[in-house]
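Colleague: Data file query37.tsv (TSV, C-alpha atoms) is appended below.
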chain	number	residue	atom	x	y	z
A	1	MET	CA	-31.24	-10.87	9.01
A	2	GLU	CA	-32.29	-9.36	12.34
A	3	PHE	CA	-29.70	-8.29	14.86
A	4	THR	CA	-29.82	-9.89	18.29
A	5	GLU	CA	-29.92	-7.72	21.43
A	6	GLU	CA	-26.27	-8.46	21.94
A	7	GLN	CA	-25.37	-7.40	18.41
A	8	LEU	CA	-27.39	-4.20	18.74
A	9	LYS	CA	-25.33	-3.41	21.81
A	10	ARG	CA	-22.05	-4.41	20.19
A	11	TYR	CA	-22.61	-2.23	17.13
A	12	SER	CA	-24.54	0.57	18.87
A	13	ARG	CA	-21.82	3.18	18.30
A	14	HIS	CA	-22.09	2.46	14.58
A	15	ILE	CA	-25.85	2.24	14.46
A	16	ILE	CA	-26.34	5.66	16.06
A	17	LEU	CA	-24.25	7.27	13.31
A	18	PRO	CA	-26.72	8.59	10.72
A	19	GLU	CA	-24.25	7.55	7.97
A	20	VAL	CA	-24.36	3.94	9.17
A	21	GLY	CA	-27.63	3.17	10.96
A	22	GLY	CA	-29.18	-0.29	11.08
A	23	LYS	CA	-29.10	-0.58	7.30
A	24	GLY	CA	-25.43	0.30	7.10
A	25	GLN	CA	-24.60	-2.19	9.83
A	26	GLN	CA	-26.52	-4.81	7.84
A	27	LYS	CA	-24.38	-4.00	4.81
A	28	ILE	CA	-21.25	-4.45	6.94
A	29	SER	CA	-22.57	-7.79	8.22
A	30	ASN	CA	-23.28	-8.97	4.68
A	31	ALA	CA	-19.89	-7.86	3.28
A	32	LYS	CA	-17.18	-10.27	2.22
A	33	VAL	CA	-13.66	-8.89	2.34
A	34	LEU	CA	-10.43	-10.65	1.40
A	35	ILE	CA	-7.18	-9.46	2.94
A	36	ALA	CA	-4.01	-10.49	1.15
A	37	GLY	CA	-1.30	-10.82	3.79
A	38	ALA	CA	-1.85	-11.26	7.54
A	39	GLY	CA	1.24	-9.26	8.47
A	40	GLY	CA	1.91	-5.64	9.39
A	41	LEU	CA	-0.99	-4.26	7.37
A	42	GLY	CA	-3.32	-7.27	7.34
A	43	CYS	CA	-3.40	-7.45	11.16
A	44	PRO	CA	-4.79	-3.95	11.83
A	45	VAL	CA	-7.06	-4.05	8.76
A	46	GLY	CA	-8.52	-7.39	9.84
A	47	TYR	CA	-8.70	-6.37	13.49
A	48	TYR	CA	-10.79	-3.27	12.77
A	49	LEU	CA	-12.95	-4.96	10.15
A	50	ALA	CA	-13.64	-7.84	12.54
A	51	ALA	CA	-14.53	-5.34	15.27
A	52	ALA	CA	-16.81	-3.53	12.81
A	53	GLY	CA	-18.65	-6.79	12.18
A	54	VAL	CA	-17.72	-7.50	8.56
A	55	GLY	CA	-19.55	-10.77	7.92
A	56	THR	CA	-16.88	-12.72	6.07
A	57	LEU	CA	-13.17	-12.00	6.32
A	58	ALA	CA	-10.70	-14.10	4.36
A	59	LEU	CA	-7.01	-13.90	5.23
A	60	VAL	CA	-4.45	-15.15	2.75
A	61	ASP	CA	-0.97	-15.91	4.07
A	62	ASN	CA	1.34	-18.89	3.96
A	63	ASP	CA	3.97	-17.60	6.37
A	64	THR	CA	4.30	-18.56	10.01
A	65	VAL	CA	4.53	-16.18	12.96
A	66	GLU	CA	8.08	-15.31	14.01
A	67	LEU	CA	9.30	-13.36	17.03
A	68	SER	CA	10.48	-10.48	14.81
A	69	ASN	CA	6.90	-10.02	13.56
A	70	LEU	CA	5.52	-9.15	16.98
A	71	GLN	CA	7.00	-5.63	16.95
A	72	ARG	CA	4.13	-4.65	14.60
A	73	GLN	CA	1.87	-7.58	13.66
A	74	ILE	CA	-0.66	-7.07	16.42
A	75	ALA	CA	-2.97	-10.01	15.75
A	76	HIS	CA	-0.21	-12.50	16.61
A	77	SER	CA	1.36	-13.26	19.96
A	78	VAL	CA	3.98	-15.37	21.69
A	79	LYS	CA	1.27	-18.05	21.93
A	80	THR	CA	1.10	-18.38	18.13
A	81	LEU	CA	4.83	-18.39	17.31
A	82	GLY	CA	5.33	-20.95	14.55
A	83	VAL	CA	1.61	-20.98	13.67
A	84	ASN	CA	0.44	-20.01	10.20
A	85	LYS	CA	-0.30	-16.26	10.20
A	86	ALA	CA	-3.79	-16.61	8.71
A	87	ASP	CA	-4.67	-19.18	11.39
A	88	SER	CA	-3.13	-17.07	14.15
A	89	ALA	CA	-5.04	-13.93	13.09
A	90	LYS	CA	-8.24	-15.98	12.73
A	91	GLN	CA	-8.02	-16.97	16.41
A	92	THR	CA	-7.55	-13.34	17.45
A	93	PHE	CA	-10.35	-11.95	15.31
A	94	GLU	CA	-12.81	-14.66	16.33
A	95	ALA	CA	-12.03	-13.99	19.98
A	96	LEU	CA	-12.80	-10.31	19.39
A	97	ASN	CA	-16.00	-10.91	17.46
A	98	PRO	CA	-17.58	-14.36	17.08
A	99	ASP	CA	-20.10	-12.90	14.57
A	100	VAL	CA	-17.39	-12.80	11.94
A	101	ASN	CA	-16.74	-15.78	9.74
A	102	VAL	CA	-12.96	-15.73	9.39
A	103	ILE	CA	-11.53	-17.90	6.63
A	104	ALA	CA	-7.82	-18.69	6.82
A	105	ILE	CA	-6.31	-19.41	3.40
A	106	LYS	CA	-2.84	-20.85	3.83
A	107	GLU	CA	-1.56	-20.21	0.34
A	108	ARG	CA	0.97	-18.01	-1.35
A	109	ILE	CA	-0.66	-15.81	-3.99
A	110	ASN	CA	0.35	-16.70	-7.55
A	111	SER	CA	-0.95	-16.31	-11.07
A	112	LYS	CA	-2.74	-19.67	-10.90
A	113	ASN	CA	-4.75	-19.14	-7.71
A	114	ILE	CA	-5.39	-15.40	-7.48
A	115	LEU	CA	-8.53	-15.18	-9.64
A	116	ASP	CA	-10.09	-18.08	-7.84
A	117	LEU	CA	-9.15	-16.67	-4.43
A	118	ILE	CA	-10.77	-13.28	-4.95
A	119	LYS	CA	-13.76	-14.12	-7.13
A	120	ASP	CA	-16.31	-14.54	-4.30
A	121	TYR	CA	-15.34	-11.38	-2.38
A	122	ASP	CA	-16.74	-7.84	-2.59
A	123	ILE	CA	-13.60	-5.93	-1.69
A	124	ILE	CA	-9.92	-6.89	-1.74
A	125	VAL	CA	-7.27	-5.42	0.56
A	126	ASP	CA	-3.61	-5.54	-0.40
A	127	GLY	CA	-1.35	-5.86	2.61
A	128	THR	CA	1.37	-7.90	0.92
A	129	ASP	CA	5.06	-7.26	1.37
A	130	ASN	CA	6.36	-7.81	-2.15
A	131	PHE	CA	6.00	-6.41	-5.64
A	132	PRO	CA	5.08	-9.64	-7.50
A	133	SER	CA	1.98	-10.12	-5.30
A	134	ARG	CA	1.12	-6.45	-5.47
A	135	TYR	CA	1.04	-6.42	-9.28
A	136	LEU	CA	-0.77	-9.76	-9.49
A	137	ILE	CA	-3.48	-8.58	-7.10
A	138	ASN	CA	-3.92	-5.35	-9.05
A	139	ASP	CA	-4.15	-7.15	-12.37
A	140	ALA	CA	-6.60	-9.76	-11.05
A	141	CYS	CA	-8.80	-7.08	-9.45
A	142	VAL	CA	-8.89	-5.15	-12.74
A	143	MET	CA	-9.81	-8.34	-14.63
A	144	LEU	CA	-12.64	-9.24	-12.23
A	145	LYS	CA	-13.58	-5.60	-11.53
A	146	LYS	CA	-13.07	-5.94	-7.79
A	147	PRO	CA	-12.51	-2.82	-5.67
A	148	LEU	CA	-8.99	-2.90	-4.21
A	149	VAL	CA	-7.67	-0.98	-1.23
A	150	SER	CA	-3.92	-0.92	-1.56
A	151	GLY	CA	-1.47	-0.04	1.19
A	152	ALA	CA	2.31	-0.19	1.38
A	153	ILE	CA	4.87	0.69	4.01
A	154	LEU	CA	8.60	1.16	4.22
A	155	ARG	CA	10.65	2.47	7.14
A	156	PHE	CA	8.77	5.65	8.16
A	157	GLU	CA	6.60	6.10	5.12
A	158	GLY	CA	3.34	4.65	3.88
A	159	GLN	CA	1.15	4.85	0.79
A	160	VAL	CA	-2.58	4.18	0.39
A	161	THR	CA	-4.90	4.28	-2.58
A	162	THR	CA	-8.29	2.84	-3.50
A	163	ILE	CA	-8.68	1.28	-6.91
A	164	LEU	CA	-12.13	1.00	-8.44
A	165	PRO	CA	-11.66	-0.85	-11.74
A	166	GLY	CA	-13.64	0.75	-14.56
A	167	ASP	CA	-13.96	3.93	-12.51
A	168	GLY	CA	-10.48	5.39	-12.17
A	169	PRO	CA	-6.83	4.43	-12.40
A	170	CYS	CA	-5.20	1.22	-11.19
A	171	TYR	CA	-1.87	0.51	-9.49
A	172	ARG	CA	-0.17	0.11	-12.88
A	173	CYS	CA	-1.45	3.55	-13.93
A	174	LEU	CA	0.53	4.76	-10.92
A	175	PHE	CA	3.63	2.59	-11.24
A	176	GLU	CA	3.64	0.78	-14.55
A	177	GLU	CA	6.19	-1.76	-13.45
A	178	PRO	CA	8.05	-2.83	-10.32
A	179	PRO	CA	11.66	-1.83	-9.77
A	180	PRO	CA	13.91	-4.30	-11.59
A	181	ALA	CA	15.64	-6.95	-9.53
A	182	GLY	CA	18.95	-5.99	-8.00
A	183	LEU	CA	19.09	-2.55	-9.61
A	184	VAL	CA	19.57	-0.74	-6.37
A	185	PRO	CA	20.98	-2.53	-3.38
A	186	SER	CA	18.94	-0.94	-0.63
A	187	CYS	CA	17.20	-3.98	0.80
A	188	GLN	CA	19.38	-3.79	3.89
A	189	GLU	CA	17.45	-0.69	4.93
A	190	ALA	CA	14.04	-2.29	4.84
A	191	GLY	CA	13.16	-1.75	8.47
A	192	VAL	CA	9.81	-0.37	9.49
A	193	LEU	CA	8.58	1.61	12.50
A	194	GLY	CA	6.20	-0.80	14.24
A	195	VAL	CA	3.27	1.61	14.49
A	196	LEU	CA	3.44	2.64	10.81
A	197	PRO	CA	1.45	-0.33	9.46
A	198	GLY	CA	-1.11	0.42	12.18
A	199	ILE	CA	-1.69	3.87	10.73
A	200	ILE	CA	-1.74	2.73	7.11
A	201	GLY	CA	-3.84	-0.36	7.93
A	202	ALA	CA	-6.37	1.78	9.82
A	203	LEU	CA	-6.65	4.03	6.76
A	204	GLN	CA	-7.22	0.96	4.58
A	205	ALA	CA	-9.90	-0.37	6.94
A	206	THR	CA	-11.59	3.04	6.83
A	207	GLU	CA	-11.63	2.92	3.02
A	208	VAL	CA	-13.15	-0.58	3.11
A	209	LEU	CA	-15.95	0.49	5.46
A	210	LYS	CA	-16.69	3.58	3.31
A	211	LEU	CA	-16.94	1.37	0.23
A	212	ILE	CA	-19.27	-1.08	2.01
A	213	LEU	CA	-21.46	1.76	3.27
A	214	GLY	CA	-21.29	3.72	0.03
A	215	LYS	CA	-20.50	6.81	2.09
A	216	GLY	CA	-17.93	9.55	1.68
A	217	LYS	CA	-15.36	9.99	-1.03
A	218	PRO	CA	-13.19	6.98	-1.83
A	219	LEU	CA	-9.45	7.56	-2.11
A	220	LYS	CA	-9.52	6.87	-5.84
A	221	GLY	CA	-7.32	8.61	-8.38
A	222	GLU	CA	-5.07	9.79	-5.58
A	223	LEU	CA	-2.15	8.37	-3.66
A	224	LEU	CA	-2.04	9.31	0.01
A	225	ILE	CA	1.51	9.45	1.30
A	226	TYR	CA	2.19	9.50	5.03
A	227	ASP	CA	5.59	10.50	6.32
A	228	ALA	CA	5.84	9.71	10.01
A	229	LEU	CA	9.07	11.62	10.63
A	230	GLY	CA	7.89	14.85	9.05
A	231	VAL	CA	4.27	14.31	10.24
A	232	ASN	CA	3.02	14.90	6.72
A	233	PHE	CA	-0.01	13.54	4.93
A	234	ARG	CA	0.24	14.42	1.24
A	235	LYS	CA	-1.88	13.42	-1.70
A	236	VAL	CA	-0.73	13.27	-5.29
A	237	LYS	CA	-2.99	12.69	-8.27
A	238	ILE	CA	-3.00	9.40	-10.15
A	239	PRO	CA	-4.21	10.09	-13.67
A	240	LYS	CA	-5.79	7.19	-15.51
A	241	ASN	CA	-3.26	6.03	-18.08
A	242	ASP	CA	-4.86	5.26	-21.45
A	243	ASP	CA	-1.74	3.22	-22.26
A	244	CYS	CA	-1.92	1.23	-19.03
A	245	PRO	CA	-0.94	-2.39	-19.80
A	246	ILE	CA	-3.87	-3.77	-17.80
A	247	CYS	CA	-6.67	-1.17	-17.66
A	248	GLY	CA	-5.79	1.01	-20.68
A	249	LYS	CA	-7.61	1.15	-23.99
A	250	ASN	CA	-5.63	-1.72	-25.53
A	251	PRO	CA	-4.42	-3.80	-22.61
A	252	LYS	CA	-1.26	-5.77	-23.35
A	253	ILE	CA	-1.77	-8.07	-20.38
A	254	LYS	CA	-4.38	-10.66	-21.35
A	255	GLU	CA	-3.52	-13.26	-18.80
A	256	LEU	CA	-1.75	-13.31	-15.49
A	257	SER	CA	1.83	-14.41	-15.13
A	258	ASP	CA	4.23	-14.62	-12.22
A	259	PHE	CA	7.03	-12.12	-11.80
A	260	PRO	CA	10.44	-13.25	-10.72
A	261	GLU	CA	10.71	-13.16	-6.94
A	262	GLN	CA	13.43	-10.79	-5.93
A	263	TYR	CA	12.42	-7.17	-6.23
A	264	CYS	CA	13.72	-4.37	-4.11
A	265	SER	CA	12.57	-0.87	-3.46
A	266	ILE	CA	14.82	1.98	-4.57
B	267	MET	CA	12.60	31.29	-3.44
B	268	ALA	CA	13.70	28.02	-4.96
B	269	VAL	CA	11.91	24.82	-5.95
B	270	LYS	CA	10.97	22.64	-2.97
B	271	VAL	CA	11.83	19.01	-3.59
B	272	LYS	CA	10.29	16.35	-1.32
B	273	ILE	CA	12.64	13.40	-0.89
B	274	PRO	CA	11.05	10.03	-0.08
B	275	VAL	CA	12.36	8.14	2.93
B	276	PRO	CA	14.25	5.48	0.90
B	277	LEU	CA	16.34	8.22	-0.78
B	278	GLN	CA	16.96	10.36	2.27
B	279	ARG	CA	20.26	8.67	3.03
B	280	LEU	CA	21.56	10.36	-0.15
B	281	THR	CA	20.41	13.79	1.09
B	282	GLN	CA	21.99	13.51	4.56
B	283	GLY	CA	18.62	12.59	6.02
B	284	LYS	CA	16.82	15.67	4.70
B	285	ASP	CA	13.21	15.13	3.67
B	286	GLU	CA	13.14	18.34	1.70
B	287	VAL	CA	15.88	19.94	-0.38
B	288	GLU	CA	16.06	22.95	-2.67
B	289	GLY	CA	16.19	22.52	-6.42
B	290	GLU	CA	16.93	24.80	-9.34
B	291	PRO	CA	14.13	26.03	-11.60
B	292	GLY	CA	14.25	24.81	-15.20
B	293	THR	CA	12.94	21.44	-16.35
B	294	ILE	CA	12.45	18.25	-14.36
B	295	ILE	CA	15.48	16.61	-15.90
B	296	SER	CA	17.71	19.66	-15.31
B	297	LEU	CA	16.48	19.75	-11.73
B	298	VAL	CA	17.33	16.06	-11.27
B	299	ASN	CA	20.77	16.54	-12.82
B	300	ASN	CA	21.46	19.53	-10.59
B	301	LEU	CA	20.36	17.60	-7.52
B	302	ASP	CA	22.74	14.81	-8.49
B	303	GLN	CA	25.64	17.26	-8.38
B	304	LYS	CA	24.74	18.22	-4.81
B	305	TYR	CA	23.68	14.75	-3.73
B	306	PRO	CA	25.67	12.21	-5.72
B	307	GLY	CA	23.72	9.05	-6.56
B	308	LEU	CA	20.31	10.68	-6.41
B	309	GLY	CA	20.16	11.16	-10.18
B	310	GLU	CA	20.66	7.50	-11.08
B	311	ARG	CA	17.96	6.39	-8.66
B	312	ILE	CA	15.46	8.59	-10.47
B	313	SER	CA	16.64	8.65	-14.07
B	314	GLU	CA	18.69	6.73	-16.58
B	315	GLY	CA	20.13	8.20	-19.78
B	316	GLY	CA	18.09	11.38	-19.38
B	317	LYS	CA	14.81	9.48	-18.95
B	318	LEU	CA	12.85	9.12	-15.74
B	319	ARG	CA	12.68	5.58	-14.41
B	320	ARG	CA	9.30	3.94	-14.67
B	321	PHE	CA	9.03	2.84	-11.05
B	322	VAL	CA	9.67	6.32	-9.65
B	323	ASN	CA	7.09	9.03	-10.14
B	324	ILE	CA	7.68	12.74	-10.03
B	325	TYR	CA	4.96	15.24	-9.27
B	326	VAL	CA	4.97	18.98	-9.74
B	327	ASN	CA	2.40	20.41	-7.34
B	328	GLU	CA	0.57	17.05	-7.14
B	329	GLU	CA	0.47	16.55	-10.93
B	330	ASP	CA	2.28	13.52	-12.37
B	331	VAL	CA	4.90	14.77	-14.86
B	332	ARG	CA	4.23	11.78	-17.14
B	333	PHE	CA	0.95	13.47	-17.95
B	334	LEU	CA	2.55	16.90	-18.34
B	335	LYS	CA	5.75	17.10	-20.39
B	336	ASN	CA	7.64	14.29	-18.71
B	337	GLU	CA	11.37	15.08	-18.37
B	338	GLU	CA	10.78	18.44	-20.05
B	339	THR	CA	8.07	19.55	-17.61
B	340	PRO	CA	8.95	23.09	-16.52
B	341	VAL	CA	9.54	23.85	-12.85
B	342	LYS	CA	9.68	27.34	-11.49
B	343	ASP	CA	10.45	29.05	-8.20
B	344	GLY	CA	7.83	28.18	-5.61
B	345	ASP	CA	6.82	24.88	-7.19
B	346	GLU	CA	6.78	21.79	-5.02
B	347	VAL	CA	8.28	18.68	-6.57
B	348	SER	CA	7.61	15.25	-5.00
B	349	ILE	CA	9.62	12.15	-5.77
B	350	VAL	CA	7.49	9.06	-5.08
B	351	PRO	CA	8.86	5.53	-5.52
B	352	ALA	CA	6.84	2.32	-5.54
B	353	ILE	CA	7.22	0.67	-2.15
B	354	ALA	CA	6.21	-2.78	-0.99
B	355	GLY	CA	7.27	-2.85	2.65
B	356	GLY	CA	8.39	-5.71	4.77
B	357	ILE	CA	10.92	-7.07	2.32
B	358	LYS	CA	12.34	-10.23	3.81
B	359	ILE	CA	15.92	-9.86	4.77
B	360	ALA	CA	18.20	-11.76	7.00
B	361	VAL	CA	18.71	-9.23	9.75
B	362	SER	CA	21.45	-9.90	12.20
B	363	ILE	CA	21.49	-7.24	14.86
B	364	GLN	CA	24.50	-7.12	17.10
B	365	GLN	CA	24.63	-5.71	20.60
B	366	SER	CA	26.80	-2.96	19.09
B	367	ALA	CA	23.67	-1.51	17.46
B	368	PHE	CA	22.66	-0.27	20.90
B	369	SER	CA	25.81	1.67	21.65
B	370	GLY	CA	26.41	5.24	20.55
Would you encode the structure as structure tokens?
Modeller:
Amino acid sequence: MEFTEEQLKRYSRHIILPEVGGKGQQKISNAKVLIAGAGGLGCPVGYYLAAAGVGTLALVDNDTVELSNLQRQIAHSVKTLGVNKADSAKQTFEALNPDVNVIAIKERINSKNILDLIKDYDIIVDGTDNFPSRYLINDACVMLKKPLVSGAILRFEGQVTTILPGDGPCYRCLFEEPPPAGLVPSCQEAGVLGVLPGIIGALQATEVLKLILGKGKPLKGELLIYDALGVNFRKVKIPKNDDCPICGKNPKIKELSDFPEQYCSI
Amino acid sequence: MAVKVKIPVPLQRLTQGKDEVEGEPGTIISLVNNLDQKYPGLGERISEGGKLRRFVNIYVNEEDVRFLKNEETPVKDGDEVSIVPAIAGGIKIAVSIQQSAFSG
């Protein structure tokens, strides 16, 4: 595919980077990325990937836009209140860059649909807000060997890691299982500083572009922790767990199943 | 010089908002038990019956203790211990904010 004059202008600040160039921009245009969740994280990830010219962007979300989302979910607006979030973000991203084929998938991720949803995409981004989806996405990506860029946020703190199945640890190597339901009653404190998902989402989008370009060092085998109040970026190592139930030597998980809904953070 | 312990945001309400506290050298489990004396409730969030919980990770200088000696991993003066829970953000809750939240 040849770039038009307009596209050359649009992507010129990429193309002049030796690490990107015309070939790299082609790779970005040919890439297919699926973003699970069009909320706090999915909005900035999708926004930057659409701006970068990622050819196909799928957004999976079955929620509708509410007023309380607009404090941080920057792809939505008062004009799309009540609209499905994937549809709302699709309008925004297409307005930013009509080159991008944005696919809105208005479904909730479950054990029945996840493999089918991700199978045609090169890279998966986790921007979901709950543990059941997070574990399902990890397990499905391990099964289909899809690179996964995982991000999570809570209050003033965020976590990011890149999972390359077959080449490093997975999310279950890091946290083998989600916190049990109702163990610790701290859900009341689940606020989030509006800009936090912007920072974590931008880091996720950066990881996606690096993977597409094959440049730099992916954030694999490490968890990046950002603490907004203390202004700290820390990394801790994620060793590959040989006993991991999904990517270990003798995986116990052979097929996907749904977790019960109500999990809380500690 | 003591052991530096990094407290994750969700547990900071048990440490009077502090993101870093001092711990006693020894083993991970003795450190957790000692912290629980100073900051009641912290211990049970991290461990149960002397075992670390599986959804909270503890790192000594960036190394996951599960791949060292787990609860018995030694910690000495000058080490940095990080407590890192699984988080999933944006948990749906029915938030009812009153005008009173804006006073004081």
Colleague: Just checking: using all atoms listed in the file, which residue out of A:Ser257, A:Ser68, A:Asn84, A:Ser12 ends up closest to chain B?
Modeller: A:Ser68
Colleague: Please determine the contact residues of chain B with respect to chain A at a cut-off of 10 Å, counting only C-alpha atoms, and supply them as an MDAnalysis selection string.
Modeller: chainID B and resid 274:277 279 284:286 310:312 319:330 332:333 348 350:361
Colleague: Convert the current residue selection to file output with C-alpha atoms, as a short mmCIF file (atom, residue, chain, number, x, y, z; two decimals), in the coordinates of the input.
Modeller:
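Now in part03.cif:
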data_model
loop_
_atom_site.label_atom_id
_atom_site.label_comp_id
_atom_site.auth_asym_id
_atom_site.auth_seq_id
_atom_site.Cartn_x
_atom_site.Cartn_y
_atom_site.Cartn_z
CA PRO B 274 11.05 10.03 -0.08
CA VAL B 275 12.36 8.14 2.93
CA PRO B 276 14.25 5.48 0.90
CA LEU B 277 16.34 8.22 -0.78
CA ARG B 279 20.26 8.67 3.03
CA LYS B 284 16.82 15.67 4.70
CA ASP B 285 13.21 15.13 3.67
CA GLU B 286 13.14 18.34 1.70
CA GLU B 310 20.66 7.50 -11.08
CA ARG B 311 17.96 6.39 -8.66
CA ILE B 312 15.46 8.59 -10.47
CA ARG B 319 12.68 5.58 -14.41
CA ARG B 320 9.30 3.94 -14.67
CA PHE B 321 9.03 2.84 -11.05
CA VAL B 322 9.67 6.32 -9.65
CA ASN B 323 7.09 9.03 -10.14
CA ILE B 324 7.68 12.74 -10.03
CA TYR B 325 4.96 15.24 -9.27
CA VAL B 326 4.97 18.98 -9.74
CA ASN B 327 2.40 20.41 -7.34
CA GLU B 328 0.57 17.05 -7.14
CA GLU B 329 0.47 16.55 -10.93
CA ASP B 330 2.28 13.52 -12.37
CA ARG B 332 4.23 11.78 -17.14
CA PHE B 333 0.95 13.47 -17.95
CA SER B 348 7.61 15.25 -5.00
CA VAL B 350 7.49 9.06 -5.08
CA PRO B 351 8.86 5.53 -5.52
CA ALA B 352 6.84 2.32 -5.54
CA ILE B 353 7.22 0.67 -2.15
CA ALA B 354 6.21 -2.78 -0.99
CA GLY B 355 7.27 -2.85 2.65
CA GLY B 356 8.39 -5.71 4.77
CA ILE B 357 10.92 -7.07 2.32
CA LYS B 358 12.34 -10.23 3.81
CA ILE B 359 15.92 -9.86 4.77
CA ALA B 360 18.20 -11.76 7.00
CA VAL B 361 18.71 -9.23 9.75
#
Colleague: What separation in Å, quoted to one decimal, exists between atom CA of Arg10 of chain A and atom CA of Tyr47 of chain A?
Modeller: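 Spanning atom CA of Arg10 of chain A to atom CA of Tyr47 of chain A is a straight-line distance of 15.1 Å.
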Colleague: I'd like the contact shell of Asn113 of chain A - 12 Å cut-off, only C-alpha atoms, skipping same-chain residues fewer than 4 positions apart - returned as a PyMOL selection string.
Modeller: chain A and resi 60+105-109+117-119+133+136-137+140+256-258
Colleague: Which of these, A:Lys249, A:Lys215, A:Arg72, A:Lys90, has the shortest distance to Ile199 of chain A once you count all atoms listed in the file?
Modeller: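 The shortest atom-to-atom distance to Ile199 of chain A comes from A:Arg72.
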Colleague: Residues at most 12 Å from Gly248 of chain A, counting all atoms listed in the file, excluding those fewer than 3 positions away in the same chain, as a PyMOL selection string?
Modeller: chain A and resi 139+142-143+165-173+176+239-245+251-254
Colleague: Interatomic distance between atom CA of Ala205 of chain A and atom CA of Glu5 of chain A?
Modeller: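 Value for the atom CA of Ala205 of chain A-atom CA of Glu5 of chain A distance: 25.8 Å.
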Colleague: One decimal, in Å: what's the spacing between atom CA of Tyr135 of chain A and atom CA of Lys217 of chain A?
Modeller: 24.6 Å
Colleague: Got a sec: who's within 10 Å of segment 298-303 of chain B, counting all atoms listed in the file, leaving out chain neighbours fewer than 4 positions off, as a ChimeraX atom specification?
Modeller: /B:271,280-281,287-291,293-294,307-313,316,318,337
